[in-house]
Amino acid sequence: MALATRTDTGHERRPGQKRKPPRKPSFIGSVWRSTIGKKAVMAVTGLIMLAYLVAHMFANLKIFFGPGDLNGYAHWLRTLGEPFLPHEGFLWLARVGLLASVVLHGVAAYQLSRRDLAARPRGYAHQRRRASYATRTMRWGGVILGLFIVWHILDLTTLTVNERAEPGHPYENVVATFSTWYGNTIYIVAMLALGLHIRHGFWSAAQTLGAGRPRRDRALKLAANGLAAILTCGFIAVPIGVMSGVVS
Amino acid sequence: MRLTLRIWRQRGPEEPGALSVYEIEDISPEMSFLEMLDTLNERLILRGEEPVAFDHDCREGICGACGMVINGQAHGPERTTTCQLHMRHFRDGDTIDVEPWRAAAFPVVKDLVVDRSAFDRIIGSGGFVSAPTGSAPEAHATPVPKPVADTAFEHAECIGCGACVAACPNGSAMLFTSAKVTHLNVLPQGQPERESRVLDMVGTMDAEGFGGCTNTGECAVACPKGIPLQSISTMNREFLRASLKNGGRGAR
């Protein structure tokens, strides 16, 4: 800019005042501080959890092949990667990755939600129905899923709240959980919430990561609905199998 | 037409406001919404009452000055600006709610007038191309492919009215910012500032107190110029690319 047209730059120093060297912002810091960056963190962690859920759902279906298949699979998971990894090494790597994902996803969601609510301090007197049910329930649906994960781990991983549970017998423990009315209710409600969360979440993650294109929109929405339907049905098949006596 | 209007009245930025009810008769269905408000104001003045303050300028849908939330919808029931909305889209005897844009970044100045300077600061932080001044450059010196020119023009249509912010449940300015980022980042003239533009504009957008995007799509439905929702995805892509390339550092 030419000096003659230059106005106040806002950086005038008083004599004797030392100039501070400008701090170079780090990549991670600047991404986390921006709304788009935080959304990108949510998208990536969401996709990690989604990939895990797909594997988890298919593994669950082994229950329909009998106790040998499911219990054998559970044993294989613990010995996977040996002798390079210690016993249960792979399992713990996955657990740490998932814990980091769920914490980052939740913290980013909390901070963004607070920001969003502050950006619209006053609503409209004339309200009308906005957006789809899946879109409107992302926040509370996410909270429900978080609470479900805690119960699910206490029920089938640590076996704390599962009466009649025996360590090392996942097949029998699953049957025990789904032999109670509350076990079935909690699980099925949570899986319906999961379907809704994925329905909006998968498409939203694609948008956030910049994969959205006008011509690709239909395909992305179809993939989101398909994933949501397959995962919900695949997970709910297990309690229905136990309730109907196919699995016992 | 005979209408019942419930209009947000607020004397000043710090004053409390409320919806006031006005009965109005003899409204022609051919009037624009603003002409209907003009008629109301003329009658209010004759009665010695304070007229309703609202922003307007070109009244042909191209300047972006006017804008109010009509029955919960930014610019009302048609995809156009308030000045180009006509009373034939309402029925005789209707009750119409008229409110200002609601967003923390758009404080109410008076009645239906909000301060949209935050948009100007977003544009000022990167919504430009640097070019040497002097005589106009030869138009064919920089070739622009037709699809690129079309994309740029589609996004250059944004008039900065703020309907996207008003419609968004999070008071987010992502559609507005993405229109300008997409418009300039696809053009060859915008390449020198491609990274700093998106980083600085998003930085200003966040600093002004706009919310984040939750992909509800309300903004693109409300936009009188039809800026597509995918523009936000384009801006996200540009932002992540620029962050990786520049380490999150803009020009400022």
# chains A, B, ... in the order shown; residues from 1 in each chain; ligands from 1

$ interface_residues --of "chain A" --to "chain B" --cutoff "7 Å" --atoms "only C-alpha atoms" --output "NGL selection string"
:A and (25-27 or 30-31 or 34-36 or 112 or 115-117 or 119-124 or 126-128 or 131 or 135 or 204 or 207-214)

$ write_last_selection --atoms "N, CA and C atoms" --output "compact mmCIF listing (two decimals), in the first residue's frame"
# COMPACT_ATOMS: atom_id res chain seq x y z
N PRO A 25 0.81 -19.30 14.64
CA PRO A 25 -0.22 -20.21 15.12
C PRO A 25 0.04 -21.63 14.65
N SER A 26 -0.19 -22.58 15.53
CA SER A 26 0.03 -23.96 15.14
C SER A 26 -1.16 -24.46 14.34
N PHE A 27 -0.95 -25.47 13.53
CA PHE A 27 -2.02 -26.01 12.70
C PHE A 27 -3.17 -26.54 13.56
N SER A 30 -5.04 -23.64 15.47
CA SER A 30 -5.93 -22.79 14.67
C SER A 30 -7.14 -23.58 14.17
N VAL A 31 -6.96 -24.86 13.90
CA VAL A 31 -8.11 -25.69 13.48
C VAL A 31 -9.09 -25.84 14.63
N SER A 34 -11.27 -22.66 15.32
CA SER A 34 -12.29 -22.23 14.37
C SER A 34 -13.49 -23.17 14.39
N THR A 35 -14.66 -22.62 14.03
CA THR A 35 -15.88 -23.45 14.02
C THR A 35 -15.75 -24.57 12.98
N ILE A 36 -15.17 -24.24 11.83
CA ILE A 36 -15.08 -25.26 10.77
C ILE A 36 -14.11 -26.35 11.21
N LEU A 112 -19.36 -26.26 20.46
CA LEU A 112 -20.06 -25.68 19.31
C LEU A 112 -21.52 -25.38 19.65
N ARG A 115 -21.81 -22.22 21.58
CA ARG A 115 -21.59 -21.10 20.68
C ARG A 115 -22.84 -20.84 19.83
N ASP A 116 -23.44 -21.93 19.33
CA ASP A 116 -24.62 -21.80 18.47
C ASP A 116 -25.79 -21.19 19.25
N LEU A 117 -25.96 -21.62 20.50
CA LEU A 117 -27.08 -21.10 21.29
C LEU A 117 -26.86 -19.63 21.61
N ALA A 119 -25.31 -17.55 19.72
CA ALA A 119 -25.43 -16.76 18.49
C ALA A 119 -26.88 -16.44 18.15
N ARG A 120 -27.82 -17.11 18.80
CA ARG A 120 -29.25 -16.82 18.59
C ARG A 120 -29.88 -16.66 19.96
N PRO A 121 -29.56 -15.50 20.64
CA PRO A 121 -30.03 -15.36 22.03
C PRO A 121 -31.55 -15.23 22.13
N ARG A 122 -32.19 -14.72 21.07
CA ARG A 122 -33.64 -14.53 21.12
C ARG A 122 -34.26 -15.21 19.91
N GLY A 123 -35.25 -16.04 20.14
CA GLY A 123 -35.90 -16.73 19.03
C GLY A 123 -37.00 -15.89 18.42
N TYR A 124 -37.70 -16.45 17.47
CA TYR A 124 -38.81 -15.75 16.82
C TYR A 124 -40.11 -16.04 17.55
N HIS A 126 -42.97 -16.01 16.03
CA HIS A 126 -43.70 -16.89 15.11
C HIS A 126 -42.78 -18.07 14.77
N GLN A 127 -43.05 -19.19 15.41
CA GLN A 127 -42.18 -20.35 15.17
C GLN A 127 -42.83 -21.29 14.17
N ARG A 128 -41.98 -21.95 13.42
CA ARG A 128 -42.50 -22.98 12.53
C ARG A 128 -41.57 -24.17 12.62
N ALA A 131 -36.37 -28.08 9.82
CA ALA A 131 -35.47 -29.21 9.56
C ALA A 131 -36.11 -30.56 9.87
N THR A 135 -32.21 -34.18 12.16
CA THR A 135 -31.36 -32.99 12.29
C THR A 135 -31.60 -32.30 13.63
N SER A 204 -23.66 -35.00 7.10
CA SER A 204 -23.10 -33.77 7.64
C SER A 204 -21.57 -33.82 7.67
N GLN A 207 -20.25 -33.15 4.28
CA GLN A 207 -20.31 -31.71 4.00
C GLN A 207 -19.15 -30.98 4.68
N THR A 208 -18.92 -31.32 5.95
CA THR A 208 -17.91 -30.64 6.74
C THR A 208 -16.51 -30.88 6.19
N LEU A 209 -16.27 -32.10 5.72
CA LEU A 209 -14.94 -32.41 5.19
C LEU A 209 -14.78 -31.96 3.74
N GLY A 210 -15.82 -31.30 3.22
CA GLY A 210 -15.70 -30.72 1.88
C GLY A 210 -15.97 -31.69 0.76
N ALA A 211 -16.64 -32.81 1.06
CA ALA A 211 -16.90 -33.80 0.01
C ALA A 211 -18.23 -33.53 -0.69
N GLY A 212 -19.00 -32.53 -0.21
CA GLY A 212 -20.30 -32.25 -0.80
C GLY A 212 -20.17 -31.56 -2.14
N ARG A 213 -20.88 -32.08 -3.13
CA ARG A 213 -20.96 -31.46 -4.46
C ARG A 213 -22.43 -31.52 -4.86
N PRO A 214 -22.92 -30.54 -5.62
CA PRO A 214 -24.33 -30.59 -6.00
C PRO A 214 -24.73 -31.93 -6.62

$ residues_around --residues "Pro188 (chain B)" --least-positions-apart "5" --cutoff "9 Å" --atoms "only C-alpha atoms" --output "ChimeraX atom specification"
/B:142-144

$ write_last_selection --atoms "N, CA and C atoms" --output "short mmCIF file (atom, residue, chain, number, x, y, z; two decimals), in the first residue's frame"
data_model
loop_
_atom_site.label_atom_id
_atom_site.label_comp_id
_atom_site.auth_asym_id
_atom_site.auth_seq_id
_atom_site.Cartn_x
_atom_site.Cartn_y
_atom_site.Cartn_z
N THR B 142 -7.04 -12.51 -19.19
CA THR B 142 -7.11 -13.66 -18.30
C THR B 142 -8.27 -14.55 -18.72
N PRO B 143 -7.99 -15.66 -19.38
CA PRO B 143 -9.10 -16.52 -19.80
C PRO B 143 -9.77 -17.19 -18.59
N VAL B 144 -11.09 -17.22 -18.61
CA VAL B 144 -11.86 -17.89 -17.55
C VAL B 144 -12.74 -18.93 -18.22
#

$ residues_around --residues "Ala149 (chain B)" --least-positions-apart "3" --cutoff "12 Å" --atoms "only C-alpha atoms" --output "list in words"
Thr142, Pro143, Val144, Pro145, Lys146, Ala152, Phe153, Glu154, His155, Ala156, Thr182, His183, Leu184, Asn185, Val186, Leu187, Pro188 and Gln189 of chain B

$ select_by_dssp --residues "region 68-214 of chain B" --states "helix (DSSP H, G or I)" --output "PyMOL selection string"
chain B and resi 82-84+87-89+117-124+146-156+163-167+174-185+188-207

$ atom_distance --atom1 "CA of Met191 (chain A)" --atom2 "CA of Val161 (chain A)"
19.5 Å

$ residues_around --residues "region 32-48 of chain B" --least-positions-apart "5" --cutoff "12 Å" --atoms "only C-alpha atoms" --output "short mmCIF file (atom, residue, chain, number, x, y, z; two decimals) with all heavy atoms, in the first residue's frame"
data_model
loop_
_atom_site.label_atom_id
_atom_site.label_comp_id
_atom_site.auth_asym_id
_atom_site.auth_seq_id
_atom_site.Cartn_x
_atom_site.Cartn_y
_atom_site.Cartn_z
N MET B 1 -57.74 -5.57 0.75
CA MET B 1 -57.48 -6.60 1.76
C MET B 1 -57.49 -5.98 3.14
O MET B 1 -57.13 -4.82 3.32
CB MET B 1 -56.09 -7.25 1.54
CG MET B 1 -55.96 -8.05 0.26
SD MET B 1 -54.25 -8.56 0.01
CE MET B 1 -54.13 -9.99 1.03
N ARG B 2 -57.90 -6.79 4.09
CA ARG B 2 -57.90 -6.35 5.47
C ARG B 2 -56.95 -7.29 6.22
O ARG B 2 -57.08 -8.51 6.13
CB ARG B 2 -59.33 -6.48 5.99
CG ARG B 2 -59.53 -6.00 7.39
CD ARG B 2 -60.88 -6.51 7.90
NE ARG B 2 -60.97 -6.20 9.32
CZ ARG B 2 -61.52 -5.09 9.78
NH1 ARG B 2 -62.05 -4.23 8.97
NH2 ARG B 2 -61.54 -4.86 11.07
N LEU B 3 -55.98 -6.71 6.93
CA LEU B 3 -54.95 -7.54 7.58
C LEU B 3 -54.76 -7.15 9.04
O LEU B 3 -55.01 -6.00 9.42
CB LEU B 3 -53.60 -7.37 6.86
CG LEU B 3 -53.54 -7.81 5.40
CD1 LEU B 3 -52.29 -7.25 4.76
CD2 LEU B 3 -53.57 -9.32 5.29
N THR B 4 -54.31 -8.11 9.83
CA THR B 4 -53.86 -7.83 11.18
C THR B 4 -52.34 -8.03 11.20
O THR B 4 -51.86 -9.11 10.87
CB THR B 4 -54.52 -8.78 12.19
OG1 THR B 4 -55.93 -8.69 12.03
CG2 THR B 4 -54.13 -8.42 13.62
N LEU B 5 -51.61 -6.98 11.54
CA LEU B 5 -50.15 -7.07 11.57
C LEU B 5 -49.67 -7.09 13.01
O LEU B 5 -50.14 -6.30 13.83
CB LEU B 5 -49.53 -5.86 10.86
CG LEU B 5 -49.88 -5.68 9.38
CD1 LEU B 5 -49.47 -4.29 8.93
CD2 LEU B 5 -49.17 -6.73 8.54
N ARG B 6 -48.77 -8.01 13.29
CA ARG B 6 -48.13 -8.00 14.61
C ARG B 6 -46.66 -7.68 14.36
O ARG B 6 -45.91 -8.53 13.85
CB ARG B 6 -48.28 -9.35 15.30
CG ARG B 6 -49.75 -9.74 15.54
CD ARG B 6 -49.91 -10.71 16.66
NE ARG B 6 -49.07 -11.89 16.46
CZ ARG B 6 -48.68 -12.69 17.45
NH1 ARG B 6 -49.02 -12.42 18.69
NH2 ARG B 6 -47.95 -13.75 17.19
N ILE B 7 -46.25 -6.46 14.65
CA ILE B 7 -44.92 -5.97 14.27
C ILE B 7 -44.06 -5.73 15.50
O ILE B 7 -44.54 -5.18 16.51
CB ILE B 7 -45.04 -4.66 13.43
CG1 ILE B 7 -45.91 -4.91 12.20
CG2 ILE B 7 -43.67 -4.15 13.03
CD1 ILE B 7 -46.15 -3.69 11.35
N VAL B 21 -49.80 -4.75 17.80
CA VAL B 21 -50.82 -5.19 16.85
C VAL B 21 -51.40 -3.99 16.12
O VAL B 21 -51.72 -2.97 16.72
CB VAL B 21 -51.94 -5.97 17.59
CG1 VAL B 21 -52.98 -6.48 16.60
CG2 VAL B 21 -51.34 -7.12 18.38
N TYR B 22 -51.47 -4.09 14.78
CA TYR B 22 -52.06 -3.03 13.95
C TYR B 22 -53.09 -3.65 13.02
O TYR B 22 -52.80 -4.66 12.37
CB TYR B 22 -50.98 -2.33 13.11
CG TYR B 22 -49.90 -1.68 13.94
CD1 TYR B 22 -48.71 -2.36 14.22
CD2 TYR B 22 -50.05 -0.39 14.44
CE1 TYR B 22 -47.73 -1.79 14.99
CE2 TYR B 22 -49.07 0.19 15.21
CZ TYR B 22 -47.91 -0.50 15.49
OH TYR B 22 -46.93 0.08 16.26
N GLU B 23 -54.26 -3.05 12.97
CA GLU B 23 -55.26 -3.47 12.00
C GLU B 23 -55.12 -2.56 10.79
O GLU B 23 -55.02 -1.33 10.94
CB GLU B 23 -56.68 -3.31 12.59
CG GLU B 23 -56.92 -4.08 13.88
CD GLU B 23 -57.15 -5.56 13.65
OE1 GLU B 23 -57.43 -5.95 12.50
OE2 GLU B 23 -57.02 -6.33 14.63
N ILE B 24 -55.09 -3.10 9.60
CA ILE B 24 -54.95 -2.26 8.41
C ILE B 24 -55.94 -2.72 7.35
O ILE B 24 -56.13 -3.90 7.13
CB ILE B 24 -53.48 -2.23 7.92
CG1 ILE B 24 -53.33 -1.22 6.78
CG2 ILE B 24 -52.98 -3.60 7.53
CD1 ILE B 24 -51.89 -0.85 6.53
N GLU B 25 -56.59 -1.71 6.71
CA GLU B 25 -57.61 -2.01 5.69
C GLU B 25 -57.20 -1.41 4.36
O GLU B 25 -56.24 -0.66 4.27
CB GLU B 25 -58.96 -1.42 6.13
CG GLU B 25 -59.58 -2.16 7.28
CD GLU B 25 -60.81 -1.44 7.82
OE1 GLU B 25 -61.30 -0.55 7.12
OE2 GLU B 25 -61.24 -1.79 8.93
N ASP B 26 -57.96 -1.75 3.32
CA ASP B 26 -57.76 -1.22 1.96
C ASP B 26 -56.34 -1.46 1.45
O ASP B 26 -55.67 -0.54 0.98
CB ASP B 26 -58.07 0.29 1.92
CG ASP B 26 -59.50 0.57 2.34
OD1 ASP B 26 -60.35 -0.31 2.06
OD2 ASP B 26 -59.74 1.61 2.95
N ILE B 27 -55.86 -2.67 1.59
CA ILE B 27 -54.54 -3.02 1.04
C ILE B 27 -54.77 -3.73 -0.29
O ILE B 27 -55.54 -4.68 -0.37
CB ILE B 27 -53.77 -3.93 2.03
CG1 ILE B 27 -53.38 -3.14 3.29
CG2 ILE B 27 -52.55 -4.54 1.38
CD1 ILE B 27 -52.42 -2.00 3.05
N ALA B 53 -39.87 1.57 11.70
CA ALA B 53 -38.58 1.71 11.01
C ALA B 53 -38.20 0.40 10.34
O ALA B 53 -38.29 -0.66 10.96
CB ALA B 53 -37.50 2.13 12.01
N PHE B 54 -37.86 0.47 9.04
CA PHE B 54 -37.33 -0.72 8.35
C PHE B 54 -36.34 -0.28 7.28
O PHE B 54 -36.40 0.84 6.77
CB PHE B 54 -38.47 -1.57 7.76
CG PHE B 54 -39.33 -0.87 6.74
CD1 PHE B 54 -38.99 -0.89 5.38
CD2 PHE B 54 -40.48 -0.19 7.12
CE1 PHE B 54 -39.80 -0.26 4.44
CE2 PHE B 54 -41.28 0.46 6.18
CZ PHE B 54 -40.93 0.43 4.83
N ASP B 55 -35.42 -1.16 6.94
CA ASP B 55 -34.40 -0.88 5.94
C ASP B 55 -34.94 -1.16 4.54
O ASP B 55 -35.66 -2.14 4.34
CB ASP B 55 -33.18 -1.78 6.17
CG ASP B 55 -32.09 -1.08 6.96
OD1 ASP B 55 -32.00 0.15 6.86
OD2 ASP B 55 -31.35 -1.78 7.66
N HIS B 56 -34.61 -0.32 3.58
CA HIS B 56 -34.98 -0.59 2.19
C HIS B 56 -34.14 0.32 1.32
O HIS B 56 -33.64 1.35 1.77
CB HIS B 56 -36.47 -0.31 1.96
CG HIS B 56 -36.83 1.11 2.21
ND1 HIS B 56 -37.07 2.01 1.20
CD2 HIS B 56 -36.98 1.81 3.37
CE1 HIS B 56 -37.36 3.19 1.72
NE2 HIS B 56 -37.30 3.10 3.03
N ASP B 57 -33.96 -0.06 0.06
CA ASP B 57 -33.24 0.84 -0.84
C ASP B 57 -33.72 0.69 -2.28
O ASP B 57 -34.58 1.43 -2.73
CB ASP B 57 -31.73 0.64 -0.73
CG ASP B 57 -30.95 1.74 -1.40
OD1 ASP B 57 -31.55 2.76 -1.73
OD2 ASP B 57 -29.73 1.57 -1.61
N CYS B 58 -33.24 -0.30 -3.01
CA CYS B 58 -33.53 -0.36 -4.45
C CYS B 58 -34.98 -0.74 -4.74
O CYS B 58 -35.54 -0.31 -5.73
CB CYS B 58 -32.58 -1.32 -5.14
SG CYS B 58 -32.94 -3.07 -4.85
N ARG B 59 -35.56 -1.56 -3.90
CA ARG B 59 -36.93 -2.07 -4.08
C ARG B 59 -37.09 -2.86 -5.38
O ARG B 59 -38.18 -2.94 -5.93
CB ARG B 59 -37.96 -0.95 -3.99
CG ARG B 59 -37.93 -0.28 -2.62
CD ARG B 59 -39.30 0.19 -2.23
NE ARG B 59 -39.26 0.75 -0.87
CZ ARG B 59 -40.32 1.02 -0.16
NH1 ARG B 59 -41.50 0.78 -0.64
NH2 ARG B 59 -40.21 1.51 1.05
N GLU B 60 -35.99 -3.38 -5.92
CA GLU B 60 -36.13 -4.27 -7.07
C GLU B 60 -35.37 -5.57 -6.85
O GLU B 60 -35.05 -6.30 -7.78
CB GLU B 60 -35.72 -3.58 -8.37
CG GLU B 60 -34.34 -2.96 -8.35
CD GLU B 60 -34.05 -2.13 -9.61
OE1 GLU B 60 -35.00 -1.50 -10.12
OE2 GLU B 60 -32.90 -2.13 -10.07
N GLY B 61 -35.06 -5.87 -5.59
CA GLY B 61 -34.52 -7.19 -5.25
C GLY B 61 -33.06 -7.39 -5.54
O GLY B 61 -32.61 -8.52 -5.66
N ALA B 65 -30.76 -4.49 0.96
CA ALA B 65 -30.99 -3.63 2.13
C ALA B 65 -32.18 -4.10 2.95
O ALA B 65 -32.14 -4.10 4.17
CB ALA B 65 -31.19 -2.19 1.68
N CYS B 66 -33.27 -4.49 2.27
CA CYS B 66 -34.47 -4.83 3.03
C CYS B 66 -34.39 -6.27 3.54
O CYS B 66 -33.61 -7.07 3.05
CB CYS B 66 -35.73 -4.67 2.17
SG CYS B 66 -35.84 -5.82 0.79
N GLY B 67 -35.20 -6.55 4.50
CA GLY B 67 -35.23 -7.90 5.04
C GLY B 67 -35.89 -7.92 6.38
O GLY B 67 -35.57 -7.11 7.25
N MET B 68 -36.88 -8.79 6.53
CA MET B 68 -37.53 -8.97 7.83
C MET B 68 -38.10 -10.38 7.84
O MET B 68 -38.26 -10.99 6.78
CB MET B 68 -38.61 -7.91 8.03
CG MET B 68 -39.57 -7.75 6.88
SD MET B 68 -40.49 -6.20 6.96
CE MET B 68 -39.32 -4.98 6.40
N VAL B 69 -38.32 -10.88 9.04
CA VAL B 69 -38.86 -12.23 9.16
C VAL B 69 -40.38 -12.13 9.19
O VAL B 69 -40.94 -11.50 10.08
CB VAL B 69 -38.30 -12.93 10.41
CG1 VAL B 69 -38.99 -14.27 10.63
CG2 VAL B 69 -36.81 -13.14 10.24
N ILE B 70 -41.01 -12.70 8.18
CA ILE B 70 -42.47 -12.61 8.02
C ILE B 70 -43.06 -14.00 8.28
O ILE B 70 -42.70 -14.96 7.60
CB ILE B 70 -42.82 -12.12 6.60
CG1 ILE B 70 -42.17 -10.74 6.35
CG2 ILE B 70 -44.33 -12.07 6.41
CD1 ILE B 70 -42.08 -10.36 4.90
N HIS B 75 -37.73 -13.07 4.73
CA HIS B 75 -38.30 -12.51 3.49
C HIS B 75 -39.68 -13.09 3.17
O HIS B 75 -40.17 -12.91 2.05
CB HIS B 75 -37.40 -12.77 2.28
CG HIS B 75 -36.09 -12.01 2.30
ND1 HIS B 75 -36.02 -10.65 2.41
CD2 HIS B 75 -34.81 -12.45 2.19
CE1 HIS B 75 -34.74 -10.28 2.36
NE2 HIS B 75 -33.99 -11.35 2.24
N GLY B 76 -40.29 -13.81 4.10
CA GLY B 76 -41.65 -14.27 3.87
C GLY B 76 -41.78 -15.54 3.04
O GLY B 76 -40.79 -16.23 2.81
N PRO B 77 -43.00 -15.83 2.57
CA PRO B 77 -43.28 -17.15 2.01
C PRO B 77 -42.71 -17.40 0.62
O PRO B 77 -42.70 -18.55 0.17
CB PRO B 77 -44.82 -17.20 1.96
CG PRO B 77 -45.25 -15.77 1.91
CD PRO B 77 -44.22 -15.00 2.67
N GLU B 78 -42.26 -16.39 -0.11
CA GLU B 78 -41.74 -16.61 -1.45
C GLU B 78 -40.22 -16.52 -1.44
O GLU B 78 -39.63 -15.86 -0.59
CB GLU B 78 -42.29 -15.54 -2.41
CG GLU B 78 -43.78 -15.62 -2.62
CD GLU B 78 -44.18 -16.83 -3.45
OE1 GLU B 78 -43.73 -16.94 -4.60
OE2 GLU B 78 -44.95 -17.67 -2.94
N THR B 80 -37.78 -14.72 -2.49
CA THR B 80 -37.43 -13.42 -3.05
C THR B 80 -37.14 -12.48 -1.88
O THR B 80 -37.23 -12.89 -0.73
CB THR B 80 -38.58 -12.88 -3.92
OG1 THR B 80 -38.16 -11.65 -4.52
CG2 THR B 80 -39.84 -12.64 -3.10
N THR B 81 -36.76 -11.24 -2.19
CA THR B 81 -36.54 -10.28 -1.12
C THR B 81 -37.88 -9.69 -0.68
O THR B 81 -38.87 -9.79 -1.40
CB THR B 81 -35.62 -9.14 -1.61
OG1 THR B 81 -36.17 -8.63 -2.81
CG2 THR B 81 -34.22 -9.64 -1.87
N THR B 82 -37.90 -9.06 0.50
CA THR B 82 -39.16 -8.54 1.04
C THR B 82 -39.78 -7.51 0.09
O THR B 82 -40.99 -7.45 -0.07
CB THR B 82 -38.90 -7.91 2.41
OG1 THR B 82 -38.23 -8.88 3.22
CG2 THR B 82 -40.18 -7.50 3.09
N CYS B 83 -38.93 -6.72 -0.60
CA CYS B 83 -39.47 -5.68 -1.49
C CYS B 83 -40.15 -6.29 -2.71
O CYS B 83 -41.01 -5.66 -3.31
CB CYS B 83 -38.34 -4.74 -1.93
SG CYS B 83 -36.99 -5.56 -2.81
N GLN B 84 -39.76 -7.50 -3.08
CA GLN B 84 -40.37 -8.15 -4.24
C GLN B 84 -41.45 -9.15 -3.86
O GLN B 84 -41.96 -9.88 -4.71
CB GLN B 84 -39.28 -8.84 -5.07
CG GLN B 84 -38.37 -7.86 -5.79
CD GLN B 84 -39.12 -7.07 -6.86
OE1 GLN B 84 -39.72 -7.62 -7.76
NE2 GLN B 84 -39.13 -5.74 -6.72
N LEU B 85 -41.75 -9.19 -2.56
CA LEU B 85 -42.86 -10.05 -2.10
C LEU B 85 -44.14 -9.24 -2.21
O LEU B 85 -44.19 -8.10 -1.78
CB LEU B 85 -42.61 -10.44 -0.63
CG LEU B 85 -43.74 -11.18 0.08
CD1 LEU B 85 -43.91 -12.57 -0.49
CD2 LEU B 85 -43.46 -11.25 1.57
N HIS B 86 -45.17 -9.81 -2.84
CA HIS B 86 -46.41 -9.05 -3.04
C HIS B 86 -47.52 -9.58 -2.16
O HIS B 86 -47.51 -10.74 -1.74
CB HIS B 86 -46.78 -9.06 -4.52
CG HIS B 86 -45.84 -8.24 -5.35
ND1 HIS B 86 -44.66 -8.77 -5.83
CD2 HIS B 86 -45.86 -6.93 -5.70
CE1 HIS B 86 -44.01 -7.82 -6.49
NE2 HIS B 86 -44.71 -6.69 -6.41
N MET B 87 -48.46 -8.69 -1.88
CA MET B 87 -49.51 -9.01 -0.92
C MET B 87 -50.48 -10.08 -1.43
O MET B 87 -51.25 -10.64 -0.67
CB MET B 87 -50.30 -7.74 -0.54
CG MET B 87 -49.46 -6.69 0.18
SD MET B 87 -48.41 -7.36 1.47
CE MET B 87 -49.62 -7.86 2.66
N ARG B 88 -50.40 -10.39 -2.76
CA ARG B 88 -51.28 -11.45 -3.30
C ARG B 88 -50.90 -12.82 -2.74
O ARG B 88 -51.66 -13.77 -2.89
CB ARG B 88 -51.22 -11.47 -4.82
CG ARG B 88 -49.83 -11.59 -5.42
CD ARG B 88 -49.90 -11.64 -6.95
NE ARG B 88 -48.58 -11.47 -7.54
CZ ARG B 88 -48.08 -10.30 -7.91
NH1 ARG B 88 -48.79 -9.20 -7.75
NH2 ARG B 88 -46.87 -10.22 -8.43
N HIS B 89 -49.73 -12.92 -2.10
CA HIS B 89 -49.35 -14.20 -1.49
C HIS B 89 -49.95 -14.37 -0.10
O HIS B 89 -49.67 -15.35 0.58
CB HIS B 89 -47.82 -14.33 -1.43
CG HIS B 89 -47.20 -14.34 -2.79
ND1 HIS B 89 -47.41 -15.36 -3.69
CD2 HIS B 89 -46.41 -13.44 -3.43
CE1 HIS B 89 -46.77 -15.09 -4.82
NE2 HIS B 89 -46.16 -13.93 -4.69
N PHE B 90 -50.74 -13.37 0.34
CA PHE B 90 -51.45 -13.48 1.61
C PHE B 90 -52.95 -13.46 1.33
O PHE B 90 -53.37 -13.09 0.23
CB PHE B 90 -51.07 -12.30 2.54
CG PHE B 90 -49.61 -12.28 2.87
CD1 PHE B 90 -48.71 -11.57 2.09
CD2 PHE B 90 -49.12 -12.99 3.95
CE1 PHE B 90 -47.36 -11.56 2.38
CE2 PHE B 90 -47.76 -12.99 4.24
CZ PHE B 90 -46.88 -12.28 3.46
N ILE B 96 -50.38 -11.38 10.18
CA ILE B 96 -48.99 -11.52 9.73
C ILE B 96 -48.05 -11.06 10.83
O ILE B 96 -48.17 -9.94 11.34
CB ILE B 96 -48.74 -10.71 8.44
CG1 ILE B 96 -49.78 -11.08 7.36
CG2 ILE B 96 -47.34 -10.96 7.92
CD1 ILE B 96 -49.70 -10.21 6.11
N VAL B 98 -44.38 -9.86 11.91
CA VAL B 98 -43.21 -9.26 11.28
C VAL B 98 -42.17 -8.99 12.37
O VAL B 98 -42.43 -8.27 13.32
CB VAL B 98 -43.57 -7.94 10.56
CG1 VAL B 98 -42.40 -7.46 9.72
CG2 VAL B 98 -44.80 -8.12 9.68
N LEU B 112 -37.53 -2.87 13.00
CA LEU B 112 -37.13 -3.98 12.13
C LEU B 112 -35.74 -3.77 11.54
O LEU B 112 -35.31 -4.53 10.67
CB LEU B 112 -38.17 -4.13 11.01
CG LEU B 112 -39.61 -4.34 11.48
CD1 LEU B 112 -40.58 -4.30 10.31
CD2 LEU B 112 -39.75 -5.68 12.21
#

$ closest_residue --among "A:Lys39, A:Trp151, A:Ala193, A:Trp76" --to "Tyr110 (chain A)" --atoms "only C-alpha atoms"
A:Lys39

$ atom_distance --atom1 "CA of Glu172 (chain A)" --atom2 "CA of Leu61 (chain A)"
14.5 Å

$ residues_around --residues "region 240-248 of chain A" --least-positions-apart "4" --cutoff "12 Å" --atoms "only C-alpha atoms" --output "list of chain:residue names"
A:Asn60, A:Leu61, A:Lys62, A:Ile63, A:Phe64, A:Phe65, A:Gly66, A:Pro67, A:Leu70, A:Tyr171, A:Glu172, A:Asn173, A:Val174, A:Val175, A:Ala176, A:Thr177, A:Phe178, A:Ser179, A:Thr180, A:Trp181, A:Gly183, A:Asn184, A:Thr185, A:Tyr187, A:Ile188, A:Cys233, A:Gly234, A:Phe235, A:Ile236

$ residues_around --residues "Ser125 (chain B)" --least-positions-apart "3" --cutoff "8 Å" --atoms "only C-alpha atoms" --output "count of residues only"
6
